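Enquirer: File input_0.cif below, mmCIF, C-alpha atoms:
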```
data_upload
#
loop_
_atom_site.label_atom_id
_atom_site.label_comp_id
_atom_site.auth_asym_id
_atom_site.auth_seq_id
_atom_site.Cartn_x
_atom_site.Cartn_y
_atom_site.Cartn_z
CA MET A 226 0.00 0.00 0.00
CA PRO A 227 2.04 2.96 -1.19
CA GLN A 228 1.65 6.07 0.99
CA GLY A 229 -0.93 4.26 3.14
CA LYS A 230 -3.55 4.36 0.38
CA PRO A 231 -5.51 1.23 -0.59
CA GLU A 232 -4.85 -0.03 -4.09
CA ILE A 233 -8.56 -0.75 -4.62
CA VAL A 234 -11.75 0.82 -3.32
CA PRO A 235 -14.53 -1.75 -3.03
CA GLU A 236 -18.04 -0.92 -4.14
CA ASP A 237 -19.56 -1.82 -0.77
CA GLY A 238 -21.60 1.33 -0.16
CA LEU A 239 -19.42 2.37 2.78
CA THR A 240 -17.77 5.74 3.15
CA THR A 241 -14.00 5.85 3.55
CA ARG A 242 -14.46 6.59 7.27
CA GLN A 243 -16.93 3.72 7.76
CA ARG A 244 -14.63 1.29 5.99
CA ARG A 245 -11.60 2.55 7.95
CA ASN A 246 -13.32 2.04 11.31
CA ARG A 247 -14.71 -1.43 10.55
CA PRO A 248 -13.76 -3.88 13.33
CA LEU A 249 -11.15 -6.44 12.32
CA LEU A 250 -10.61 -10.14 12.91
CA MET A 251 -6.85 -10.74 12.79
CA VAL A 252 -4.79 -13.95 12.88
CA HIS A 253 -1.08 -14.26 13.65
CA THR A 254 0.04 -17.76 12.72
CA GLY A 255 3.04 -19.67 11.39
CA PRO A 256 6.12 -21.40 12.84
CA GLY A 257 8.10 -18.26 13.60
CA LYS A 258 8.51 -16.38 16.89
CA GLY A 259 6.62 -13.17 17.55
CA LYS A 260 2.94 -13.99 17.09
CA SER A 261 1.91 -13.19 20.66
CA THR A 262 4.42 -10.36 20.93
CA ALA A 263 2.85 -8.65 17.91
CA ALA A 264 -0.66 -9.15 19.33
CA PHE A 265 0.36 -7.61 22.66
CA GLY A 266 1.86 -4.67 20.78
CA MET A 267 -1.56 -4.15 19.21
CA ALA A 268 -3.11 -4.38 22.68
CA LEU A 269 -0.83 -1.53 23.76
CA ARG A 270 -2.16 0.57 20.90
CA ALA A 271 -5.73 -0.30 21.87
CA TRP A 272 -5.03 0.63 25.52
CA ASN A 273 -3.59 3.95 24.33
CA GLN A 274 -6.86 4.67 22.48
CA GLY A 275 -8.76 4.17 25.74
CA TRP A 276 -10.31 0.89 24.61
CA PRO A 277 -11.10 -1.84 27.15
CA VAL A 278 -8.73 -4.76 26.45
CA GLY A 279 -9.44 -8.42 27.23
CA VAL A 280 -6.61 -10.95 27.05
CA PHE A 281 -7.52 -14.66 27.04
CA GLN A 282 -4.50 -16.97 27.23
CA PHE A 283 -4.88 -20.56 26.16
CA VAL A 284 -2.29 -23.33 26.62
CA LYS A 285 0.37 -21.20 28.35
CA SER A 286 0.71 -22.05 32.04
CA ALA A 287 -1.26 -19.93 34.47
CA ARG A 288 1.89 -19.84 36.62
CA TRP A 289 3.94 -18.03 33.99
CA ARG A 290 4.55 -14.38 34.77
CA VAL A 291 5.15 -12.92 31.34
CA GLY A 292 6.34 -9.35 30.90
CA GLU A 293 3.40 -8.37 28.71
CA GLU A 294 0.96 -9.36 31.44
CA ARG A 295 2.66 -7.25 34.07
CA ALA A 296 3.05 -4.26 31.75
CA LEU A 297 -0.55 -4.35 30.54
CA ARG A 298 -1.93 -4.84 34.07
CA VAL A 299 0.07 -1.85 35.33
CA LEU A 300 -1.13 0.24 32.40
CA GLY A 301 -4.72 -0.89 32.88
CA ASP A 302 -4.59 0.12 36.55
CA SER A 303 -2.92 3.47 35.81
CA GLY A 304 -6.14 5.40 35.17
CA GLU A 305 -4.82 6.43 31.78
CA GLY A 306 -5.84 4.64 28.59
CA GLY A 307 -8.24 1.71 28.65
CA SER A 308 -8.90 -0.98 31.22
CA VAL A 309 -7.14 -4.36 30.91
CA ALA A 310 -8.49 -7.76 31.99
CA TRP A 311 -6.18 -10.79 31.79
CA HIS A 312 -7.61 -14.31 31.86
CA LYS A 313 -5.55 -17.52 31.91
CA MET A 314 -6.44 -21.15 31.34
CA GLY A 315 -6.60 -23.66 34.17
CA GLU A 316 -6.30 -22.37 37.68
CA GLY A 317 -5.79 -18.88 36.33
CA TRP A 318 -9.43 -18.58 35.22
CA SER A 319 -11.30 -16.85 38.03
CA TRP A 320 -14.65 -18.48 37.21
CA ILE A 321 -13.21 -22.03 37.33
CA GLN A 322 -12.56 -23.01 40.94
CA ARG A 323 -12.25 -26.78 40.77
CA PRO A 324 -8.98 -28.69 41.22
CA GLY A 325 -7.71 -31.09 38.58
CA SER A 326 -9.93 -29.82 35.77
CA ASP A 327 -9.42 -31.17 32.26
CA HIS A 328 -7.66 -28.80 29.82
CA SER A 329 -10.24 -29.41 27.10
CA ASP A 330 -13.00 -28.55 29.58
CA ASP A 331 -11.09 -25.39 30.52
CA ALA A 332 -10.81 -24.44 26.84
CA ARG A 333 -14.55 -24.92 26.30
CA GLU A 334 -15.40 -22.89 29.39
CA GLY A 335 -12.96 -20.20 28.31
CA TRP A 336 -14.56 -20.04 24.87
CA GLU A 337 -18.03 -19.78 26.43
CA GLN A 338 -16.81 -16.80 28.48
CA ILE A 339 -15.42 -15.15 25.36
CA LYS A 340 -18.77 -15.67 23.64
CA ARG A 341 -20.55 -14.01 26.57
CA ASP A 342 -18.10 -11.09 26.49
CA LEU A 343 -18.49 -10.67 22.73
CA ALA A 344 -22.29 -10.69 23.04
CA ALA A 345 -22.11 -8.11 25.86
CA GLU A 346 -19.44 -6.08 23.99
CA THR A 347 -17.33 -6.16 27.17
CA TYR A 348 -14.07 -5.23 25.44
CA ARG A 349 -13.16 -3.26 22.34
CA PHE A 350 -9.97 -5.29 21.75
CA TYR A 351 -9.51 -9.01 22.40
CA VAL A 352 -6.30 -11.03 22.36
CA LEU A 353 -7.03 -14.76 22.07
CA ASP A 354 -3.49 -15.96 22.70
CA GLU A 355 -2.55 -19.48 21.53
CA PHE A 356 -6.20 -19.94 20.53
CA THR A 357 -5.38 -21.97 17.43
CA TYR A 358 -4.31 -24.96 19.55
CA PRO A 359 -7.70 -25.78 21.13
CA LEU A 360 -9.07 -25.56 17.58
CA LYS A 361 -6.37 -27.84 16.16
CA TRP A 362 -6.83 -30.40 18.95
CA GLY A 363 -10.61 -30.49 18.43
CA TRP A 364 -11.44 -29.11 21.87
CA LEU A 365 -13.66 -26.41 20.35
CA ASP A 366 -16.18 -26.52 17.53
CA LEU A 367 -14.50 -24.67 14.66
CA ASP A 368 -17.79 -23.79 12.94
CA ASP A 369 -19.11 -22.24 16.18
CA VAL A 370 -15.90 -20.23 16.60
CA VAL A 371 -15.92 -18.95 13.02
CA GLU A 372 -19.63 -18.09 13.08
CA THR A 373 -19.36 -16.31 16.44
CA LEU A 374 -16.30 -14.28 15.48
CA ALA A 375 -17.62 -13.36 12.04
CA GLY A 376 -20.98 -12.27 13.50
CA ARG A 377 -19.73 -10.42 16.59
CA PRO A 378 -21.64 -7.21 17.28
CA GLY A 379 -20.38 -3.66 17.59
CA ALA A 380 -16.84 -2.43 17.05
CA GLN A 381 -14.90 -5.29 18.64
CA HIS A 382 -11.46 -6.12 17.25
CA VAL A 383 -10.11 -9.65 17.81
CA VAL A 384 -6.56 -10.92 17.27
CA ILE A 385 -5.85 -14.66 17.47
CA THR A 386 -2.38 -16.15 17.82
CA GLY A 387 -0.90 -19.62 17.39
CA ARG A 388 0.54 -22.01 14.84
CA ASP A 389 -1.52 -23.95 12.33
CA ALA A 390 -4.52 -21.64 12.11
CA PRO A 391 -7.34 -23.58 10.44
CA ASP A 392 -8.28 -22.63 6.89
CA LYS A 393 -11.86 -21.74 7.86
CA LEU A 394 -10.54 -19.17 10.36
CA ILE A 395 -8.10 -17.73 7.84
CA GLU A 396 -10.90 -17.39 5.27
CA VAL A 397 -13.03 -15.15 7.51
CA ALA A 398 -10.15 -13.08 8.93
CA ASP A 399 -9.54 -9.55 7.69
CA LEU A 400 -5.82 -9.62 8.39
CA VAL A 401 -3.64 -12.74 8.42
CA THR A 402 0.08 -12.64 9.14
CA GLU A 403 2.20 -15.75 8.90
CA MET A 404 5.37 -15.54 10.96
CA GLY A 405 8.14 -17.51 9.28
CA LYS A 406 11.24 -18.88 10.95
CA VAL A 407 14.61 -18.27 9.37
CA ARG A 408 16.67 -19.04 12.47
CA HIS A 409 15.97 -19.47 16.19
CA PRO A 410 18.37 -19.87 19.16
CA MET A 411 16.66 -23.17 20.04
CA ASP A 412 18.05 -24.56 16.76
CA ALA A 413 21.48 -24.24 18.40
CA GLY A 414 20.31 -25.77 21.71
CA GLN A 415 19.63 -22.51 23.56
CA LYS A 416 16.50 -22.36 25.69
CA GLY A 417 14.30 -19.29 26.10
CA GLN A 418 15.59 -16.45 28.24
CA LYS A 419 14.30 -13.63 30.40
CA GLY A 420 13.54 -10.43 28.57
CA ILE A 421 13.19 -12.25 25.25
CA GLU A 422 10.58 -14.97 25.79
CA TRP A 423 9.00 -13.64 29.00
#
```
Step by step, read the file and then write its structure as structure tokens.

Expert:
Amino acid sequence: MPQGKPEIVPEDGLTTRQRRNRPLLMVHTGPGKGKSTAAFGMALRAWNQGWPVGVFQFVKSARWRVGEERALRVLGDSGEGGSVAWHKMGEGWSWIQRPGSDHSDDAREGWEQIKRDLAAETYRFYVLDEFTYPLKWGWLDLDDVVETLAGRPGAQHVVITGRDAPDKLIEVADLVTEMGKVRHPMDAGQKGQKGIEW
């Protein structure tokens, strides 16, 4: 897009402003590093606009204390910008208070909460982090997810991260970025490190 101008203007009956402010469904997928990092960068922009932000983390351990969580929580509590709510799978989900719960059950309950929040327009910006995995593993009904996200009301933006995004999700997304891997320190036997991975 040279100079930030679209190469085509669709005949959809929308004004330039209406089209520009249309809520987006975004997917960050692929084998490379940076999918979640990019999504959290977008969450920072949403916070700066004063939008309520909801982060829903799937798969990653509820015990992990990632830098993005701390930063966004501090910003959300600052009284500047938008509010930030951070939800984690497993014991991190505040509405699931039972020990030894099954991860697939947690994923389904998490998705049901997201559906309730989308219906209530609770947040203006959603990060569904590592959300492609419950889809890939068959824990969630893909058709239900696609239909719900495509038909969400209001001006709610959603970004989904994770490898192997299903084709049906990619087809309905407005923006799809595939992160490729050229080289990674793990290829040379180096594990993740503070300040880079968390």

Enquirer: Rounded to one decimal place, report the CA of Lys393 (chain A)-CA of Ala344 (chain A) distance in Å.

Expert: 21.5 Å

Enquirer: With the PyMOL selection byres ((chain A and resi 354) around 9) as the selection, what would be picked from this file? Answer as a PDB file with C-alpha atoms, in the frame of the given file, please.

Expert:
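Output saved as result.pdb:
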```pdb
ATOM      1  CA  LYS A 260       2.940 -13.990  17.090  1.00  0.00           C
ATOM      2  CA  SER A 261       1.910 -13.190  20.660  1.00  0.00           C
ATOM      3  CA  ALA A 264      -0.660  -9.150  19.330  1.00  0.00           C
ATOM      4  CA  VAL A 280      -6.610 -10.950  27.050  1.00  0.00           C
ATOM      5  CA  PHE A 281      -7.520 -14.660  27.040  1.00  0.00           C
ATOM      6  CA  GLN A 282      -4.500 -16.970  27.230  1.00  0.00           C
ATOM      7  CA  PHE A 283      -4.880 -20.560  26.160  1.00  0.00           C
ATOM      8  CA  VAL A 284      -2.290 -23.330  26.620  1.00  0.00           C
ATOM      9  CA  LYS A 285       0.370 -21.200  28.350  1.00  0.00           C
ATOM     10  CA  VAL A 352      -6.300 -11.030  22.360  1.00  0.00           C
ATOM     11  CA  LEU A 353      -7.030 -14.760  22.070  1.00  0.00           C
ATOM     12  CA  GLU A 355      -2.550 -19.480  21.530  1.00  0.00           C
ATOM     13  CA  PHE A 356      -6.200 -19.940  20.530  1.00  0.00           C
ATOM     14  CA  THR A 357      -5.380 -21.970  17.430  1.00  0.00           C
ATOM     15  CA  VAL A 384      -6.560 -10.920  17.270  1.00  0.00           C
ATOM     16  CA  ILE A 385      -5.850 -14.660  17.470  1.00  0.00           C
ATOM     17  CA  THR A 386      -2.380 -16.150  17.820  1.00  0.00           C
ATOM     18  CA  GLY A 387      -0.900 -19.620  17.390  1.00  0.00           C
TER      19      GLY A 387
END
```

Enquirer: Take the PyMOL selection byres ((chain A and resi 348) around 9), apply it to the structure above, and return the hits as a list of chain:residue names.

Expert: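 On the file shown, the PyMOL selection byres ((chain A and resi 348) around 9) covers A:Trp276, A:Pro277, A:Val278, A:Gly279, A:Ser308, A:Val309, A:Ala310, A:Asp342, A:Leu343, A:Ala345, A:Glu346, A:Thr347, A:Arg349, A:Phe350, A:Tyr351, A:Gln381, A:His382.
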
Enquirer: Please produce an output containing C-alpha atoms for each residue in the selection, written as a PDB file, in the coordinates of the input.

Expert:
```
ATOM      1  CA  TRP A 276     -10.310   0.890  24.610  1.00  0.00           C
ATOM      2  CA  PRO A 277     -11.100  -1.840  27.150  1.00  0.00           C
ATOM      3  CA  VAL A 278      -8.730  -4.760  26.450  1.00  0.00           C
ATOM      4  CA  GLY A 279      -9.440  -8.420  27.230  1.00  0.00           C
ATOM      5  CA  SER A 308      -8.900  -0.980  31.220  1.00  0.00           C
ATOM      6  CA  VAL A 309      -7.140  -4.360  30.910  1.00  0.00           C
ATOM      7  CA  ALA A 310      -8.490  -7.760  31.990  1.00  0.00           C
ATOM      8  CA  ASP A 342     -18.100 -11.090  26.490  1.00  0.00           C
ATOM      9  CA  LEU A 343     -18.490 -10.670  22.730  1.00  0.00           C
ATOM     10  CA  ALA A 345     -22.110  -8.110  25.860  1.00  0.00           C
ATOM     11  CA  GLU A 346     -19.440  -6.080  23.990  1.00  0.00           C
ATOM     12  CA  THR A 347     -17.330  -6.160  27.170  1.00  0.00           C
ATOM     13  CA  ARG A 349     -13.160  -3.260  22.340  1.00  0.00           C
ATOM     14  CA  PHE A 350      -9.970  -5.290  21.750  1.00  0.00           C
ATOM     15  CA  TYR A 351      -9.510  -9.010  22.400  1.00  0.00           C
ATOM     16  CA  GLN A 381     -14.900  -5.290  18.640  1.00  0.00           C
ATOM     17  CA  HIS A 382     -11.460  -6.120  17.250  1.00  0.00           C
TER      18      HIS A 382
END
```

Enquirer: Quick check, in Å to one decimal: how far apart do CA of Asp330 (chain A) and CA of Glu422 (chain A) lie?

Expert: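 Between CA of Asp330 (chain A) and CA of Glu422 (chain A) the gap is 27.5 Å.
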
Enquirer: Which of these, A:Lys230, A:Lys361, A:His409, A:Arg388, has the shortest distance to Ile421 (chain A) once you count only C-alpha atoms?

Expert: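 Among the listed residues, A:His409 lies closest to Ile421 (chain A).
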
Enquirer: Which distance in Å separates CA of Arg244 (chain A) and CA of Thr373 (chain A), to one decimal?

Expert: 21.0 Å

Enquirer: In file coordinates, which residues lie within 12 Å of (14.5, -10.2, 31.0) using all atoms listed in the file, given as a count of residues only?

Expert: 11

Enquirer: Determine the residue membership of the PyMOL selection byres ((chain A and resi 366-372) around 10) for the file above and supply it as a VMD selection string.

Expert: chain A and resid 333 336 340 357 359 to 361 363 to 365 373 to 377 391 393 to 398

Enquirer: Between A:Leu250, A:Met314, A:Leu297, A:Ala413, which residue has the minimum interatomic distance to Gly266 (chain A), considering all atoms listed in the file?

Expert: A:Leu297

Enquirer: May I ask which of the residues A:Gly275, A:Gly335, A:Pro231, A:Gly238 is the closest one to Gly306 (chain A), counting only C-alpha atoms?

Expert: A:Gly275

Enquirer: For Gly405 (chain A), which residue among A:Pro378, A:Gly307, A:Gly301, A:Gly255 is the nearest when counting all atoms listed in the file?

Expert: A:Gly255

Enquirer: Taking only C-alpha atoms into account, which of A:Ala380, A:Val401, A:Leu300, A:Ala271 comes nearest Gln243 (chain A)?

Expert: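 Ranking A:Ala380, A:Val401, A:Leu300, A:Ala271 by distance to Gln243 (chain A), first place goes to A:Ala380.
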
Enquirer: At a cut-off of 8 Å, using all atoms listed in the file, what residues contact Lys406 (chain A)? Leave out same-chain residues fewer than 6 positions from it and give the result as a VMD selection string.

Expert: chain A and resid 256 to 258
